[in-house]
file final.cif (mmCIF, C-alpha atoms)
data_run
loop_
_atom_site.label_atom_id
_atom_site.label_comp_id
_atom_site.auth_asym_id
_atom_site.auth_seq_id
_atom_site.Cartn_x
_atom_site.Cartn_y
_atom_site.Cartn_z
CA MET A 1390 -29.50 69.61 -25.64
CA LYS A 1391 -29.24 66.87 -28.29
CA ARG A 1392 -27.92 64.47 -25.63
CA ILE A 1393 -30.91 65.21 -23.37
CA MET A 1394 -33.31 64.42 -26.21
CA SER A 1395 -31.47 61.18 -27.03
CA ALA A 1396 -31.82 60.09 -23.43
CA GLY A 1397 -35.52 60.88 -23.54
CA LEU A 1398 -36.01 58.75 -26.61
CA LEU A 1399 -34.15 55.84 -25.04
CA ILE A 1400 -36.28 56.05 -21.88
CA GLY A 1401 -39.38 55.93 -24.07
CA THR A 1402 -38.10 52.88 -25.93
CA LEU A 1403 -37.30 51.01 -22.73
CA PHE A 1404 -40.62 51.89 -21.12
CA ALA A 1405 -42.46 50.66 -24.22
CA ALA A 1406 -40.73 47.30 -23.76
CA GLN A 1407 -41.77 47.27 -20.11
CA ALA A 1408 -45.38 48.12 -20.95
CA GLY A 1409 -45.52 45.18 -23.34
CA ALA A 1410 -44.36 42.60 -20.80
CA ALA A 1411 -45.90 39.13 -21.07
CA ASP A 1412 -47.74 37.37 -18.26
CA GLY A 1413 -45.55 35.38 -15.89
CA SER A 1414 -41.77 35.28 -15.53
CA ASP A 1415 -39.49 35.66 -18.52
CA ASP A 1416 -36.14 37.14 -19.62
CA ARG A 1417 -35.43 39.26 -22.67
CA LEU A 1418 -32.30 40.58 -24.34
CA THR A 1419 -32.46 44.10 -25.80
CA LEU A 1420 -30.16 45.27 -28.60
CA MET A 1421 -29.95 48.73 -30.15
CA ALA A 1422 -27.89 50.32 -32.95
CA ASN A 1423 -28.28 53.79 -34.43
CA GLY A 1424 -26.74 56.26 -36.82
CA MET A 1425 -27.23 60.02 -36.90
CA THR A 1426 -26.39 63.19 -38.82
CA LEU A 1427 -26.22 66.76 -37.44
CA ASP A 1428 -26.26 69.69 -39.85
CA GLY A 1429 -26.60 73.48 -39.78
CA GLY A 1430 -25.40 76.16 -37.44
CA THR A 1431 -25.00 79.91 -37.90
CA ALA A 1432 -22.08 80.67 -40.15
CA ALA A 1433 -19.65 83.35 -38.92
CA PRO A 1434 -16.37 84.62 -40.39
CA GLY A 1435 -13.83 81.82 -40.05
CA VAL A 1436 -16.41 79.43 -38.56
CA GLU A 1437 -17.76 76.48 -40.53
CA THR A 1438 -21.30 75.24 -40.25
CA ILE A 1439 -21.82 71.89 -38.50
CA ASP A 1440 -21.76 68.74 -40.60
CA ASP A 1441 -21.32 65.85 -38.17
CA GLU A 1442 -22.13 62.16 -38.14
CA GLY A 1443 -22.45 59.77 -35.24
CA ALA A 1444 -23.38 56.25 -34.21
CA GLY A 1445 -24.10 54.24 -31.10
CA GLY A 1446 -25.24 50.98 -29.67
CA ALA A 1447 -26.63 49.38 -26.52
CA ILE A 1448 -27.25 46.00 -24.98
CA GLY A 1449 -29.61 45.27 -22.11
CA TRP A 1450 -31.55 42.68 -20.15
CA LEU A 1451 -35.18 42.73 -18.99
CA HIS A 1452 -36.58 40.34 -16.37
CA ASN A 1453 -40.26 39.92 -15.51
CA PHE A 1454 -40.65 38.57 -11.99
CA ASN A 1455 -44.38 38.25 -12.80
CA ALA A 1456 -47.02 40.05 -14.86
CA ASN A 1457 -46.74 43.11 -12.56
CA THR A 1458 -43.03 43.64 -11.87
CA ILE A 1459 -40.07 44.09 -14.21
CA VAL A 1460 -36.43 45.15 -13.81
CA GLY A 1461 -34.02 46.16 -16.56
CA LEU A 1462 -30.27 46.72 -16.94
CA ARG A 1463 -28.69 48.38 -19.97
CA GLY A 1464 -25.32 49.68 -21.14
CA GLU A 1465 -25.00 52.22 -23.95
CA TYR A 1466 -22.28 53.99 -25.93
CA GLN A 1467 -22.73 56.97 -28.29
CA SER A 1468 -20.28 59.01 -30.36
CA GLN A 1469 -20.56 62.06 -32.59
CA GLU A 1470 -17.39 63.38 -34.22
CA ASN A 1471 -15.18 64.43 -31.25
CA VAL A 1472 -17.87 63.85 -28.58
CA HIS A 1473 -18.30 60.47 -26.87
CA TRP A 1474 -20.48 59.37 -23.97
CA GLN A 1475 -21.46 56.14 -22.29
CA PHE A 1476 -23.83 55.27 -19.46
CA GLY A 1477 -25.52 52.42 -17.66
CA THR A 1478 -29.26 52.24 -16.92
CA LEU A 1479 -31.24 50.62 -14.14
CA SER A 1480 -35.02 50.50 -14.74
CA LEU A 1481 -37.87 49.35 -12.51
CA ALA A 1482 -41.61 49.09 -13.16
CA HIS A 1483 -44.45 47.77 -10.99
CA GLY A 1484 -48.20 47.72 -11.59
CA PHE A 1485 -51.14 46.86 -9.37
CA GLY A 1486 -54.92 47.11 -9.27
CA GLN A 1487 -57.81 46.23 -11.57
CA ALA A 1488 -57.66 47.19 -15.25
CA ASP A 1489 -60.00 50.18 -14.90
CA ARG A 1490 -58.09 51.58 -11.89
CA ARG A 1491 -54.61 50.15 -12.47
CA THR A 1492 -51.57 52.03 -11.17
CA ASN A 1493 -48.19 51.63 -12.90
CA LEU A 1494 -45.09 52.98 -11.14
CA TYR A 1495 -41.74 53.28 -12.94
CA ALA A 1496 -38.24 54.65 -12.41
CA ASP A 1497 -35.04 54.95 -14.46
CA ILE A 1498 -31.51 55.87 -13.42
CA HIS A 1499 -28.85 56.64 -16.04
CA GLU A 1500 -25.27 57.15 -14.83
CA GLY A 1501 -22.16 57.60 -16.95
CA SER A 1502 -19.65 60.04 -18.38
CA GLY A 1503 -18.52 61.61 -21.63
CA LYS A 1504 -15.63 63.35 -23.29
CA SER A 1505 -15.49 66.27 -25.71
CA GLN A 1506 -12.82 68.65 -26.98
CA ALA A 1507 -13.44 70.75 -23.85
CA GLY A 1508 -12.71 67.81 -21.53
CA SER A 1509 -14.58 65.14 -19.60
CA TYR A 1510 -18.07 65.60 -18.20
CA GLY A 1511 -20.62 63.71 -16.13
CA TYR A 1512 -23.83 62.15 -17.43
CA SER A 1513 -26.70 61.62 -14.98
CA VAL A 1514 -30.44 61.36 -15.66
CA ALA A 1515 -32.98 60.04 -13.14
CA LEU A 1516 -36.75 59.91 -13.39
CA VAL A 1517 -39.75 58.59 -11.49
CA GLY A 1518 -43.31 58.44 -12.73
CA VAL A 1519 -46.78 56.99 -12.42
CA ILE A 1520 -49.45 56.09 -14.98
CA GLN A 1521 -52.88 55.96 -13.38
CA ASN A 1522 -55.86 54.44 -15.16
CA ILE A 1523 -59.08 56.42 -14.75
CA THR A 1524 -61.02 53.94 -16.86
CA LYS A 1525 -59.95 50.96 -18.98
CA GLN A 1526 -59.36 53.38 -21.86
CA LEU A 1527 -58.21 56.60 -20.16
CA SER A 1528 -55.07 57.08 -18.04
CA LEU A 1529 -53.02 59.99 -16.72
CA GLN A 1530 -49.22 60.17 -16.51
CA PHE A 1531 -47.15 62.19 -14.02
CA GLU A 1532 -43.35 62.17 -14.21
CA ASP A 1533 -40.37 64.11 -12.88
CA LYS A 1534 -36.95 63.88 -14.51
CA HIS A 1535 -33.70 65.31 -13.12
CA ILE A 1536 -30.99 66.00 -15.72
CA ASP A 1537 -27.33 66.70 -14.98
CA ILE A 1538 -25.27 66.41 -18.18
CA ASP A 1539 -22.10 68.50 -18.51
CA THR A 1540 -23.19 72.11 -17.82
CA THR A 1541 -26.91 71.35 -18.31
CA GLU A 1542 -28.86 70.75 -15.09
CA GLY A 1543 -32.43 70.95 -13.85
CA ASN A 1544 -35.77 69.24 -13.24
CA LEU A 1545 -38.22 68.52 -16.05
CA PRO A 1546 -41.70 67.47 -14.85
CA LYS A 1547 -44.16 65.98 -17.34
CA ILE A 1548 -47.91 65.50 -17.37
CA GLY A 1549 -49.65 63.38 -19.98
CA VAL A 1550 -52.90 61.74 -20.94
CA GLN A 1551 -53.26 58.38 -22.72
CA TYR A 1552 -56.36 57.04 -24.44
CA LEU A 1553 -56.95 53.54 -25.80
CA TRP A 1554 -59.41 54.00 -28.67
CA GLY A 1555 -59.73 50.24 -29.16
CA PRO A 1556 -57.51 47.17 -29.32
CA THR A 1557 -55.57 48.66 -32.26
CA LEU A 1558 -54.93 52.34 -31.36
CA LEU A 1559 -53.28 54.04 -28.35
CA THR A 1560 -52.58 57.79 -28.26
CA ASN A 1561 -50.53 59.87 -25.83
CA LEU A 1562 -50.44 63.68 -25.42
CA SER A 1563 -47.99 65.22 -22.93
CA TYR A 1564 -46.44 68.51 -21.80
CA GLN A 1565 -43.02 69.11 -20.20
CA HIS A 1566 -41.98 72.34 -18.46
CA SER A 1567 -38.63 72.73 -16.66
CA VAL A 1568 -38.87 74.21 -13.18
CA SER A 1569 -35.22 74.56 -12.12
CA GLY A 1570 -31.69 74.83 -13.43
CA ASN A 1571 -30.88 76.03 -16.95
CA LEU A 1572 -32.93 73.66 -19.12
CA GLY A 1573 -35.36 76.30 -20.38
CA THR A 1574 -37.70 73.64 -21.78
CA ARG A 1575 -41.43 73.94 -22.60
CA VAL A 1576 -42.44 71.17 -24.98
CA TRP A 1577 -45.67 69.55 -26.15
CA SER A 1578 -45.47 66.03 -27.58
CA PHE A 1579 -47.82 63.53 -29.23
CA ARG A 1580 -47.45 59.81 -29.92
CA ALA A 1581 -49.74 57.20 -31.48
CA ASP A 1582 -49.29 53.42 -31.52
CA ARG A 1583 -51.23 51.50 -34.17
CA TYR A 1584 -51.33 47.75 -33.57
CA GLY A 1585 -51.89 45.55 -36.62
CA LYS A 1586 -52.19 41.83 -37.12
CA ASN A 1587 -48.62 41.43 -38.38
CA VAL A 1588 -47.01 44.89 -38.01
CA ASN A 1589 -47.26 47.72 -35.45
CA PHE A 1590 -46.70 51.40 -36.30
CA ILE A 1591 -45.46 54.31 -34.17
CA PHE A 1592 -45.65 57.97 -35.14
CA GLY A 1593 -45.68 61.34 -33.44
CA GLY A 1594 -43.94 64.62 -32.88
CA ALA A 1595 -43.07 67.42 -30.47
CA GLY A 1596 -42.55 71.15 -30.44
CA GLY A 1597 -41.78 74.06 -28.15
CA GLN A 1598 -38.90 75.91 -26.54
CA ALA A 1599 -35.81 73.79 -26.07
CA THR A 1600 -33.20 76.30 -24.84
CA PRO A 1601 -33.26 79.00 -22.11
CA VAL A 1602 -34.41 82.57 -22.59
CA ILE A 1603 -31.35 84.83 -22.12
CA VAL A 1604 -31.58 88.27 -20.49
CA ASP A 1605 -29.26 90.97 -21.91
CA LEU A 1606 -27.83 92.59 -18.77
CA GLN A 1607 -27.01 95.85 -20.60
CA THR A 1608 -30.45 96.42 -22.14
CA GLY A 1609 -32.61 94.32 -19.82
CA LEU A 1610 -34.27 92.75 -22.86
CA GLU A 1611 -35.03 89.04 -23.06
CA VAL A 1612 -33.64 87.10 -26.00
CA GLY A 1613 -35.98 84.22 -26.81
CA GLY A 1614 -34.79 80.62 -26.56
CA LEU A 1615 -34.54 78.41 -29.59
CA THR A 1616 -37.60 76.44 -30.63
CA MET A 1617 -37.60 72.71 -31.26
CA LYS A 1618 -39.58 70.70 -33.80
CA GLN A 1619 -39.55 66.91 -33.90
CA GLY A 1620 -41.22 64.21 -35.93
CA PHE A 1621 -40.77 60.45 -35.78
CA ILE A 1622 -42.19 57.33 -37.35
CA GLY A 1623 -41.43 53.68 -36.77
CA VAL A 1624 -42.54 50.16 -37.53
CA THR A 1625 -42.36 47.05 -35.32
CA LYS A 1626 -42.46 43.51 -36.66
CA PRO A 1627 -43.19 40.80 -34.06
CA PHE A 1628 -41.72 37.33 -34.51
CA SER A 1629 -42.15 34.21 -32.41
CA ARG A 1630 -39.30 35.10 -30.03
CA MET A 1631 -38.36 38.66 -30.94
CA ASP A 1632 -39.69 42.11 -31.81
CA VAL A 1633 -37.76 44.27 -34.30
CA THR A 1634 -38.39 48.04 -34.45
CA LEU A 1635 -37.01 50.51 -37.00
CA LEU A 1636 -37.48 54.16 -35.94
CA ALA A 1637 -36.69 57.32 -37.92
CA ASP A 1638 -36.47 60.57 -35.91
CA TYR A 1639 -35.98 64.13 -37.24
CA VAL A 1640 -35.32 67.11 -34.93
CA GLU A 1641 -34.78 70.81 -35.61
CA ILE A 1642 -33.43 73.16 -32.91
CA GLY A 1643 -32.99 76.66 -34.25
CA ASP A 1644 -31.02 76.24 -37.49
CA LEU A 1645 -29.60 72.87 -36.44
CA SER A 1646 -31.15 69.66 -37.71
CA ARG A 1647 -30.54 66.07 -36.63
CA PHE A 1648 -31.72 62.84 -38.24
CA THR A 1649 -31.43 59.53 -36.37
CA LEU A 1650 -32.22 56.04 -37.60
CA THR A 1651 -32.49 53.44 -34.81
CA LEU A 1652 -32.88 49.67 -34.92
CA ASN A 1653 -34.15 48.02 -31.73
CA THR A 1654 -34.46 44.28 -31.17
CA ILE A 1655 -36.02 42.54 -28.15
CA VAL A 1656 -35.28 38.81 -27.96
CA ARG A 1657 -37.16 36.54 -25.57
CA LEU A 1658 -34.65 34.25 -23.85
CA ARG A 1659 -37.05 32.35 -21.65
CA GLY A 1660 -40.78 31.76 -21.64
CA PRO A 1661 -43.16 30.49 -24.30
CA ALA A 1662 -42.93 31.66 -27.89
CA ARG A 1663 -45.85 33.64 -29.33
#
call {"tool": "encode", "arguments": {"input": "final.cif", "output": "structure tokens"}}
result
Amino acid sequence: MKRIMSAGLLIGTLFAAQAGAADGSDDRLTLMANGMTLDGGTAAPGVETIDDEGAGGAIGWLHNFNANTIVGLRGEYQSQENVHWQFGTLSLAHGFGQADRRTNLYADIHEGSGKSQAGSYGYSVALVGVIQNITKQLSLQFEDKHIDIDTTEGNLPKIGVQYLWGPTLLTNLSYQHSVSGNLGTRVWSFRADRYGKNVNFIFGGAGGQATPVIVDLQTGLEVGGLTMKQGFIGVTKPFSRMDVTLLADYVEIGDLSRFTLTLNTIVRLRGPAR
């Protein structure tokens, strides 16, 4: 489940870069590095609790054909103790229409593989979505994501609402509910972007069920899935030809906890400086 959540955060980071595209044609280089810790687990006789560390990195390229269309390519590698995975990403986004009725279409495909103590496994995540403006301030988001990572598989639709309170504050509230496979996910999430003169801030969180409900075949009773709690906060500093973002993310799933610190840099290779 932690790998699914990492993929979700990376999709969000890439889409944020797409949403901030400049007018006209330009090229940008994206760089990412992170470090993480994973602690907890239910202790049993002869079984130690989890105390793992991990790290990863990515490099990508974003190209704006114009103010409405962007394509992105990205390669990423992650490791955590004896688990390693890598994947490539192809991203597309296209917008059209007037500001108060604008439609933004987007899609991401992540394909790769991983290796653990149990052996090799496949890594595949694909999503398509649309953000539809109702007014200049209000927009709705509809998305469907298909996940196939190791033994985890299923579809995870999302519905969200975004509201621009003014030139300095954007909020997003969304809900995800798996409809197939063994994801067992029902999660609410919230995000706010605060745009300042010299620094931008990101903060938010999520909560809900993150693992399937299991039925005991002998008793017929349902055993509830584990709940997830997440909180994150970040800061972005724009420069003349680059944006640098530092993001701290804390997640609890049952008695497991994970902390991730991520540094993202977007460098403009072509086009006018700010």
call {"tool": "closest_residue", "arguments": {"input": "final.cif", "among": "A:Leu1451, A:Gly1593, A:Gly1477, A:Tyr1466", "to": "A:Gly1424", "atoms": "all atoms listed in the file"}}
result
A:Tyr1466
call {"tool": "atom_distance", "arguments": {"input": "final.cif", "atom1": "atom CA of A:Arg1463", "atom2": "atom CA of A:Ile1448"}}
result
5.7 Å
call {"tool": "atom_distance", "arguments": {"input": "final.cif", "atom1": "atom CA of A:Phe1579", "atom2": "atom CA of A:Thr1600"}}
result
19.9 Å
call {"tool": "resolve_selection", "arguments": {"input": "final.cif", "expression": "the PyMOL selection byres ((chain A and resi 1545) around 9)", "output": "list in words"}}
result
Glu1532, Asp1533, Lys1534, His1535, Ile1536, Gly1543, Asn1544, Pro1546, Lys1547, Gln1565, His1566, Ser1567, Val1568, Ser1569, Leu1572 and Thr1574 of chain A
call {"tool": "closest_residue", "arguments": {"input": "final.cif", "among": "A:Asp1416, A:Glu1465, A:Asp1632, A:Glu1641", "to": "A:Met1617", "atoms": "only C-alpha atoms"}}
result
A:Glu1641
call {"tool": "residues_around", "arguments": {"input": "final.cif", "residues": "A:Gly1484", "least_positions_apart": "5", "cutoff": "8 Å", "atoms": "all atoms listed in the file", "output": "PDB file with C-alpha atoms, keeping the file's coordinate frame"}}
result
ATOM      1  CA  ASN A1457     -46.740  43.110 -12.560  1.00  0.00           C
ATOM      2  CA  THR A1458     -43.030  43.640 -11.870  1.00  0.00           C
ATOM      3  CA  ARG A1491     -54.610  50.150 -12.470  1.00  0.00           C
ATOM      4  CA  THR A1492     -51.570  52.030 -11.170  1.00  0.00           C
ATOM      5  CA  ASN A1493     -48.190  51.630 -12.900  1.00  0.00           C
ATOM      6  CA  LEU A1494     -45.090  52.980 -11.140  1.00  0.00           C
TER       7      LEU A1494
END
call {"tool": "closest_residue", "arguments": {"input": "final.cif", "among": "A:Leu1562, A:Leu1479, A:Ala1444, A:Val1550", "to": "A:Gly1596", "atoms": "only C-alpha atoms"}}
result
A:Leu1562
call {"tool": "residues_around", "arguments": {"input": "final.cif", "residues": "A:Met1631", "least_positions_apart": "4", "cutoff": "8 Å", "atoms": "all atoms listed in the file", "output": "list in words"}}
result
Pro1627, Thr1654, Ile1655, Val1656 and Arg1657 of chain A
call {"tool": "atom_distance", "arguments": {"input": "final.cif", "atom1": "atom CA of A:Asn1522", "atom2": "atom CA of A:Arg1417"}}
result
26.5 Å
call {"tool": "resolve_selection", "arguments": {"input": "final.cif", "expression": "the PyMOL selection byres ((chain A and resi 1615) around 6)", "output": "list in words"}}
result
Gln1598, Ala1599, Thr1600, Gly1614, Thr1616 and Gly1643 of chain A
call {"tool": "resolve_selection", "arguments": {"input": "final.cif", "expression": "the PyMOL selection byres ((chain A and resi 1427) around 9)", "output": "list in words"}}
result
Met1425, Thr1426, Asp1428, Gly1429, Ile1439, Asp1440, Asp1441, Glu1442, Gly1443, Gln1469, Leu1645, Ser1646, Arg1647, Phe1648 and Thr1649 of chain A
call {"tool": "residues_around", "arguments": {"input": "final.cif", "residues": "A:Ile1498", "least_positions_apart": "3", "cutoff": "7 Å", "atoms": "all atoms listed in the file", "output": "count of residues only"}}
result
6
call {"tool": "closest_residue", "arguments": {"input": "final.cif", "among": "A:Val1472, A:Phe1485, A:Ile1538, A:Phe1531", "to": "A:Tyr1510", "atoms": "only C-alpha atoms"}}
result
A:Ile1538
call {"tool": "residues_around", "arguments": {"input": "final.cif", "residues": "A:Phe1592", "least_positions_apart": "3", "cutoff": "6 Å", "atoms": "all atoms listed in the file", "output": "PyMOL selection string"}}
result
chain A and resi 1580-1581+1621-1622
call {"tool": "residues_near_point", "arguments": {"input": "final.cif", "point": "(-19.9, 65.6, -13.5)", "cutoff": "10 Å", "atoms": "all atoms listed in the file", "output": "list of chain:residue names"}}
result
A:Gly1501, A:Ser1502, A:Gly1503, A:Ser1509, A:Tyr1510, A:Gly1511, A:Tyr1512, A:Ser1513, A:Asp1537, A:Ile1538, A:Asp1539, A:Thr1540
call {"tool": "closest_residue", "arguments": {"input": "final.cif", "among": "A:Leu1559, A:Ala1482, A:Asn1471, A:Asp1415", "to": "A:Asn1453", "atoms": "only C-alpha atoms"}}
result
A:Asp1415
call {"tool": "closest_residue", "arguments": {"input": "final.cif", "among": "A:Thr1634, A:Asn1587, A:Asn1561, A:Thr1541", "to": "A:Thr1651", "atoms": "all atoms listed in the file"}}
result
A:Thr1634
call {"tool": "residues_around", "arguments": {"input": "final.cif", "residues": "A:Gln1526", "least_positions_apart": "2", "cutoff": "10 Å", "atoms": "all atoms listed in the file", "output": "MDAnalysis selection string"}}
result
chainID A and resid 1488:1489 1522:1524 1528 1551:1556 1559
